[in-house]
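Engineer: This one is upload.txt, compact mmCIF, C-alpha atoms.
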# COMPACT_ATOMS: atom_id res chain seq x y z
CA MET A 275 54.20 -252.25 -1.30
CA SER A 276 57.76 -253.37 -2.00
CA ARG A 277 59.08 -256.30 0.02
CA ILE A 278 62.76 -255.96 0.95
CA VAL A 279 64.65 -258.92 2.37
CA ILE A 280 67.66 -257.98 4.54
CA ALA A 281 69.98 -260.98 4.68
CA VAL A 282 72.85 -261.91 6.99
CA ILE A 283 75.07 -264.95 6.43
CA THR A 284 76.79 -266.28 9.52
CA ARG A 285 79.06 -269.06 10.66
CA ALA A 286 80.19 -269.53 14.27
CA ARG A 287 80.38 -265.84 15.20
CA PRO A 288 77.67 -265.51 17.87
CA LEU A 289 78.79 -262.26 19.51
CA ALA A 290 79.09 -260.42 16.21
CA LEU A 291 75.78 -261.82 14.98
CA ARG A 292 74.00 -260.67 18.14
CA ARG A 293 75.18 -257.07 17.61
CA SER A 294 74.35 -257.12 13.92
CA LEU A 295 70.85 -258.60 14.34
CA SER A 296 70.00 -256.23 17.18
CA ALA A 297 70.71 -253.30 14.88
CA LEU A 298 68.82 -254.79 11.95
CA ALA A 299 65.78 -255.47 14.12
CA ALA A 300 65.66 -251.74 14.89
CA GLN A 301 65.63 -250.58 11.26
CA GLU A 302 63.19 -247.86 10.28
CA VAL A 303 60.73 -249.23 7.73
CA PRO A 304 60.87 -247.17 4.51
CA GLU A 305 57.61 -245.67 3.36
CA GLY A 306 55.99 -247.97 0.81
CA ALA A 307 58.06 -250.96 1.83
CA GLU A 308 57.91 -254.08 3.99
CA LEU A 309 61.03 -255.52 5.62
CA VAL A 310 61.84 -259.21 6.09
CA LEU A 311 64.95 -260.19 8.07
CA LEU A 312 66.66 -263.38 6.88
CA VAL A 313 69.53 -265.22 8.57
CA VAL A 314 71.34 -268.01 6.71
CA GLU A 315 73.65 -270.11 8.85
CA ASN A 316 76.38 -271.68 6.73
CA GLY A 317 76.93 -274.99 8.49
CA ASP A 318 75.08 -276.79 11.25
CA ASP A 319 76.39 -275.08 14.40
CA GLY A 320 72.83 -274.25 15.42
CA LEU A 321 73.79 -270.92 17.01
CA ALA A 322 71.86 -268.52 14.79
CA ALA A 323 68.34 -269.66 15.69
CA GLY A 324 68.85 -269.11 19.41
CA ILE A 325 70.38 -265.68 18.94
CA ALA A 326 67.64 -264.60 16.55
CA ALA A 327 64.97 -265.78 18.98
CA GLU A 328 66.43 -263.45 21.61
CA VAL A 329 67.19 -260.29 19.66
CA ALA A 330 65.16 -260.52 16.43
CA PRO A 331 62.30 -263.03 16.90
CA GLU A 332 60.67 -261.90 13.67
CA ALA A 333 63.68 -263.06 11.63
CA ARG A 334 63.50 -266.09 9.37
CA VAL A 335 66.44 -268.44 10.04
CA VAL A 336 67.51 -271.18 7.63
CA VAL A 337 70.54 -273.46 7.44
CA GLU A 338 72.65 -273.91 4.33
CA PRO A 339 74.59 -277.13 5.05
CA LYS A 340 76.96 -276.85 2.07
CA LEU A 341 79.96 -274.90 3.34
CA GLY A 342 81.24 -272.03 1.24
CA ILE A 343 80.12 -268.43 0.95
CA PRO A 344 78.80 -268.76 -2.66
CA HIS A 345 76.44 -271.56 -1.57
CA ALA A 346 75.16 -269.44 1.30
CA ARG A 347 74.73 -266.37 -0.90
CA ASN A 348 72.81 -268.35 -3.51
CA ARG A 349 70.62 -269.81 -0.76
CA VAL A 350 69.80 -266.25 0.29
CA VAL A 351 68.75 -265.40 -3.27
CA GLU A 352 66.47 -268.42 -3.51
CA GLU A 353 64.93 -267.74 -0.10
CA ALA A 354 64.26 -264.11 -1.01
CA LEU A 355 62.60 -265.16 -4.26
CA SER A 356 60.45 -267.72 -2.42
CA LEU A 357 59.32 -264.94 -0.08
CA GLY A 358 58.11 -262.87 -3.04
CA ALA A 359 60.61 -260.08 -2.41
CA GLU A 360 61.37 -257.39 -4.95
CA TRP A 361 64.66 -256.32 -3.39
CA LEU A 362 67.42 -258.15 -1.54
CA ALA A 363 69.94 -256.43 0.72
CA PHE A 364 73.06 -258.00 2.24
CA VAL A 365 75.13 -257.09 5.29
CA ASP A 366 77.98 -258.99 6.97
CA ASP A 367 77.40 -260.56 10.37
CA ASP A 368 80.02 -258.33 12.02
CA GLU A 369 78.55 -255.04 10.80
CA VAL A 370 76.22 -252.66 12.61
CA ALA A 371 73.61 -250.67 10.72
CA PRO A 372 72.17 -247.36 11.98
CA PRO A 373 68.34 -247.28 12.04
CA SER A 374 68.15 -245.29 8.79
CA TRP A 375 70.47 -247.59 6.82
CA ILE A 376 68.00 -249.64 4.74
CA SER A 377 65.88 -246.59 3.98
CA ALA A 378 68.92 -244.74 2.68
CA LEU A 379 70.15 -247.71 0.64
CA TRP A 380 66.78 -248.56 -0.91
CA ASP A 381 65.82 -244.94 -1.57
CA GLY A 382 69.18 -244.36 -3.24
CA ALA A 383 68.85 -247.44 -5.44
CA VAL A 384 65.30 -246.56 -6.49
CA ALA A 385 66.04 -242.87 -7.08
CA GLY A 386 69.08 -243.73 -9.20
CA GLY A 387 67.26 -246.39 -11.20
CA HIS A 388 69.91 -248.91 -10.11
CA ASP A 389 69.54 -252.67 -10.36
CA LEU A 390 72.46 -253.21 -7.99
CA ALA A 391 73.81 -250.67 -5.52
CA GLY A 392 76.21 -250.49 -2.61
CA GLY A 393 77.20 -248.20 0.23
CA PRO A 394 80.18 -247.37 2.45
CA VAL A 395 81.46 -249.53 5.29
CA ARG A 396 83.49 -247.70 7.94
CA PRO A 397 85.98 -249.79 9.94
CA VAL A 398 86.02 -249.08 13.70
CA PRO A 399 88.18 -250.62 16.46
CA GLY A 400 86.60 -253.22 18.71
CA ALA A 401 86.24 -252.86 22.46
CA ASP A 402 89.42 -254.89 23.01
CA ALA A 403 91.58 -252.57 20.88
CA GLY A 404 94.34 -250.54 22.49
CA GLU A 405 96.07 -247.38 21.28
CA ARG A 406 98.22 -249.22 18.74
CA GLU A 407 95.23 -251.08 17.29
CA ALA A 408 93.24 -247.83 17.15
CA LYS A 409 95.94 -246.38 14.88
CA VAL A 410 95.61 -249.36 12.55
CA ALA A 411 91.82 -248.87 12.52
CA ALA A 412 92.33 -245.19 11.62
CA TRP A 413 94.57 -246.26 8.72
CA LEU A 414 91.89 -248.69 7.52
CA ALA A 415 89.25 -245.97 7.77
CA ARG A 416 91.36 -243.58 5.67
CA ARG A 417 91.81 -246.24 3.02
CA ALA A 418 88.09 -247.02 3.01
CA ALA A 419 87.19 -243.32 2.70
CA ALA A 420 89.54 -242.87 -0.26
CA ARG A 421 88.13 -245.98 -1.97
CA ASP A 422 84.55 -244.84 -1.39
CA ALA A 423 85.32 -241.38 -2.76
CA ARG A 424 86.47 -243.02 -6.00
CA ARG A 425 83.28 -245.07 -6.11
CA ALA A 426 81.14 -241.99 -5.54
CA SER A 427 82.97 -240.06 -8.28
CA GLY A 428 82.07 -242.70 -10.86
CA THR A 429 85.67 -243.11 -12.01
CA GLY A 430 86.89 -246.60 -12.78
CA ARG A 431 85.10 -249.91 -12.40
CA LEU A 432 82.44 -250.11 -9.68
CA ASP A 433 82.94 -253.42 -7.85
CA LEU A 434 80.20 -253.95 -5.25
CA PRO A 435 80.87 -256.43 -2.42
CA THR A 436 77.96 -257.84 -0.43
CA ASN A 437 78.99 -256.18 2.82
CA ASN A 438 76.57 -253.32 2.03
CA TRP A 439 74.56 -254.24 -1.04
CA ILE A 440 71.07 -254.21 -2.51
CA VAL A 441 69.81 -255.81 -5.73
CA ARG A 442 66.58 -255.76 -7.68
CA LEU A 443 65.66 -259.45 -7.75
CA ALA A 444 63.88 -259.18 -11.09
CA ALA A 445 67.24 -258.22 -12.61
CA LEU A 446 68.86 -261.38 -11.24
CA GLU A 447 66.00 -263.48 -12.57
CA ARG A 448 66.09 -261.83 -15.98
CA THR A 449 69.81 -262.44 -16.39
CA GLY A 450 70.07 -265.72 -14.48
CA LEU A 451 72.95 -264.33 -12.43
CA ARG A 452 74.04 -266.25 -9.35
CA PHE A 453 77.21 -266.44 -7.24
CA ASP A 454 79.87 -268.72 -8.72
CA ALA A 455 80.25 -271.81 -6.53
CA ARG A 456 83.69 -272.49 -8.02
CA LEU A 457 84.95 -269.60 -5.86
CA LEU A 458 84.13 -271.72 -2.84
CA MET A 459 86.71 -270.69 -0.26
CA THR A 460 88.66 -268.02 -2.13
CA GLY A 461 86.41 -265.02 -1.60
CA GLY A 462 85.55 -262.75 -4.49
CA SER A 463 82.27 -264.36 -5.60
CA ASP A 464 80.46 -261.08 -4.84
CA THR A 465 82.93 -259.01 -6.85
CA ASP A 466 82.65 -261.56 -9.64
CA LEU A 467 78.86 -261.27 -9.69
CA SER A 468 79.08 -257.49 -9.66
CA ARG A 469 81.32 -257.54 -12.72
CA ARG A 470 79.08 -260.01 -14.55
CA ALA A 471 76.05 -257.89 -13.66
CA ALA A 472 77.66 -254.84 -15.25
CA ALA A 473 78.58 -256.89 -18.33
CA ALA A 474 74.96 -258.11 -18.58
CA GLY A 475 73.69 -254.54 -18.72
CA LEU A 476 72.48 -254.07 -15.15
CA LYS A 477 72.78 -250.52 -13.85
CA LEU A 478 75.16 -250.31 -10.87
CA GLY A 479 75.23 -247.45 -8.42
CA TRP A 480 76.71 -246.08 -5.22
CA VAL A 481 74.74 -244.67 -2.26
CA PRO A 482 77.09 -242.66 0.00
CA ALA A 483 74.38 -241.99 2.62
CA ALA A 484 73.89 -245.71 3.40
CA GLU A 485 76.87 -246.17 5.71
CA LEU A 486 77.53 -249.16 7.97
CA THR A 487 80.19 -249.69 10.61
CA ASP A 488 82.41 -252.77 10.73
CA GLU A 489 83.94 -253.57 14.12
CA TRP A 490 87.47 -254.98 13.91
CA PRO A 491 88.75 -256.90 16.96
CA ALA A 492 92.30 -256.35 18.16
CA SER A 493 93.45 -259.63 16.58
CA ARG A 494 92.81 -258.15 13.13
CA LEU A 495 94.26 -254.73 13.83
CA ARG A 496 97.83 -255.94 13.56
CA ALA A 497 100.48 -255.90 10.87
CA GLY A 498 100.48 -259.68 10.46
CA TYR A 499 96.78 -259.78 9.70
CA ILE A 500 97.07 -256.85 7.26
CA PHE A 501 99.80 -258.80 5.43
CA ARG A 502 97.82 -262.09 5.34
CA ARG A 503 94.62 -260.37 4.25
CA ALA A 504 96.38 -258.55 1.40
CA ARG A 505 97.94 -261.83 0.27
CA SER A 506 94.59 -263.68 0.33
CA GLN A 507 92.73 -260.87 -1.43
CA THR A 508 95.37 -260.76 -4.15
CA LEU A 509 95.01 -264.51 -4.67
CA ALA A 510 91.22 -264.13 -4.81
CA LYS A 511 91.52 -261.41 -7.48
CA ALA A 512 93.92 -263.63 -9.39
CA ALA A 513 91.18 -266.25 -9.60
CA LEU A 514 88.84 -263.65 -11.16
CA SER A 515 91.39 -262.25 -13.63
CA PRO A 516 93.98 -264.91 -14.51
CA ARG A 517 97.40 -263.69 -15.64
CA ARG A 518 100.50 -265.36 -16.99
CA ARG A 519 103.12 -266.44 -14.49
CA SER A 520 105.52 -263.77 -15.75
CA ALA A 521 102.97 -261.02 -15.06
CA HIS A 522 102.48 -262.22 -11.49
CA LEU A 523 106.24 -262.42 -10.90
CA THR A 524 106.75 -258.91 -12.28
CA ALA A 525 103.98 -257.58 -10.03
CA ALA A 526 105.51 -259.41 -7.06
CA VAL A 527 108.92 -257.79 -7.64
CA LEU A 528 107.49 -254.29 -8.12
CA ARG A 529 105.12 -254.48 -5.16
CA GLY A 530 107.70 -256.16 -2.97
CA THR A 531 110.37 -253.56 -3.72
CA GLY A 532 108.02 -250.64 -3.10
CA GLY A 533 106.59 -252.20 0.03
CA GLY A 534 110.00 -253.02 1.44
CA LEU A 535 111.23 -249.45 0.92
CA ARG A 536 108.15 -248.04 2.64
CA VAL A 537 108.65 -250.26 5.65
CA LEU A 538 112.39 -249.51 5.90
CA LEU A 539 112.15 -245.75 5.37
CA TRP A 540 108.95 -244.91 7.24
CA PRO A 541 110.76 -243.46 10.33
CA LEU A 542 112.50 -240.92 8.07
CA ALA A 543 109.68 -240.18 5.68
CA ARG A 544 106.98 -240.31 8.38
CA GLY A 545 104.94 -242.29 5.88
CA PRO A 546 102.54 -245.09 6.81
CA ALA A 547 104.44 -248.35 7.34
CA LEU A 548 101.15 -250.23 7.03
CA ASP A 549 100.97 -249.27 3.35
CA GLY A 550 104.31 -251.00 2.92
CA ILE A 551 103.20 -254.08 4.83
CA ARG A 552 100.07 -254.29 2.69
CA SER A 553 102.20 -254.00 -0.46
CA LEU A 554 104.39 -256.84 0.78
CA GLY A 555 101.25 -258.94 1.28
CA ILE A 556 100.14 -258.14 -2.27
CA ALA A 557 103.61 -259.11 -3.53
CA ALA A 558 103.37 -262.41 -1.66
CA GLY A 559 99.97 -263.00 -3.21
CA HIS A 560 101.27 -262.44 -6.73
CA ALA A 561 104.28 -264.70 -6.08
CA SER A 562 101.99 -267.43 -4.75
CA ALA A 563 99.60 -267.08 -7.70
CA ALA A 564 102.51 -267.45 -10.11
CA PHE A 565 103.02 -270.98 -8.81
CA GLY A 566 99.37 -272.00 -8.72
CA ALA A 567 98.37 -271.24 -5.13
CA GLU A 568 94.73 -270.37 -4.37
CA SER A 569 93.18 -268.20 -1.72
CA ARG A 570 91.59 -270.00 1.25
CA LEU A 571 90.17 -266.81 2.72
CA TYR A 572 86.86 -268.39 3.75
CA GLU A 573 88.20 -271.67 5.07
CA THR A 574 87.86 -270.36 8.63
CA THR A 575 85.32 -268.10 10.32
CA ASP A 576 88.01 -265.40 10.54
CA GLY A 577 87.97 -264.85 6.76
CA ARG A 578 86.87 -261.60 5.15
Could you render the structure as structure tokens?

Structural biologist:
Amino acid sequence: MSRIVIAVITRARPLALRRSLSALAAQEVPEGAELVLLVVENGDDGLAAGIAAEVAPEARVVVEPKLGIPHARNRVVEEALSLGAEWLAFVDDDEVAPPSWISALWDGAVAGGHDLAGGPVRPVPGADAGEREAKVAAWLARRAAARDARRASGTGRLDLPTNNWIVRLAALERTGLRFDARLLMTGGSDTDLSRRAAAAGLKLGWVPAAELTDEWPASRLRAGYIFRRARSQTLAKAALSPRRRSAHLTAAVLRGTGGGLRVLLWPLARGPALDGIRSLGIAAGHASAAFGAESRLYETTDGR
């Protein structure tokens, strides 16, 4: 019997956590497996225990007082090991899993002989989204589908974020891999671990059937948020792969020029202006990185 820990990290997002935990509590148990639901609250808000007691009373809830997503992720790993688990799965606290999700993810990882595997996350508009926000959500979904198609094809590097992720814990123990606490508020500690796992010889894989949905509220389905997110993600990637200042400035000029043209010409070309706005955010990220700025993506609960 394989014990699988399904972990959710949360911080001051009670409504999202309630939806996510309700779905996880309804997971179908894979044949030959035992499921343990783990909630790690990053900080001392005290909200998670009450929510879990209502919607998932079987869940184990612990508090990681040291703020920062790498600390919380490492706490999850240690808790899973203390529970004698063989596998550890992660989801974000604003995602909803269909009942068959963990079965599909685990079966795919085992069948493929993978030490670390991931699956698709489909963005959907929240209940407060209007027609304009729904169009932004559709753009996000198209981008996600194209990215996931590349992952499924096996072309290029397979970076696996923890928003839909399963790992064989023996592989982490054998290699000593943990999330890098130096990437405290930048984001990217999951991508960093994925890359180090591949370098250490772990077998990474992709499980297209294990799809989750990620509900985006209206506040995030706007051009300003797309710009800020692209800037922060570019800064986070810069922390993982340092470049010279000249390389960042060159990238800023190229991305900025292309993005500006897309935004200005989209009424004529009927092209997606959001692609241009995202490129401008990437340009801003490169320009900021050139002068030593760092991402603060996880400084607030709104970070991704």

Engineer: Give me, please, the distance in Å between CA of Ile500 (chain A) and CA of Ala420 (chain A), quoted to one decimal.

Structural biologist: 17.6 Å

Engineer: So how far away is CA of Arg452 (chain A) from CA of Thr436 (chain A), in Å?

Structural biologist: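 If I compute the distance from CA of Thr436 (chain A) to CA of Arg452 (chain A), I get 12.9 Å.
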
Engineer: Which one of A:Asp422, A:Asp366, A:Asp454, A:Asp402 sits closest to Ser294 (chain A) if you count only C-alpha atoms?

Structural biologist: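 Residue with the minimum atom-to-atom distance to Ser294 (chain A): A:Asp366.
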
Engineer: Distance CA of Leu298 (chain A)-CA of Leu321 (chain A), one decimal place?

Structural biologist: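 Interatomic distance here is 17.6 Å.
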
Engineer: Just the residues within 10 Å of region 323-330 of chain A, please, counting all atoms listed in the file, with nothing from its chain fewer than 4 positions along; format it as a VMD selection string.

Structural biologist: chain A and resid 288 to 289 291 to 300 311 to 315 319 334 to 337

Engineer: Could you give me, as a list of chain:residue names, the residues within 12 Å of Arg406 (chain A), counting only C-alpha atoms and dropping anything in the same chain fewer than 5 positions from it?

Structural biologist: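 Close residues of Arg406 (chain A): A:Pro399, A:Ala411, A:Ala412, A:Trp413, A:Ala492, A:Ser493, A:Arg494, A:Leu495, A:Arg496, A:Ala497.
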
Engineer: Find the residue from A:Ala378, A:Val398, A:Leu457, A:Leu362 that sits nearest to Ala444 (chain A); use only C-alpha atoms when measuring.

Structural biologist: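 Counting only C-alpha atoms, the residue closest to Ala444 (chain A) is A:Leu362.
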
Engineer: Rank A:Ala547, A:Ala403, A:Leu451, A:Ala484 by their smallest atom-to-atom distance to Arg469 (chain A), using all atoms listed in the file, and report the top residue only.

Structural biologist: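 So, comparing all the options, the nearest one is A:Leu451.
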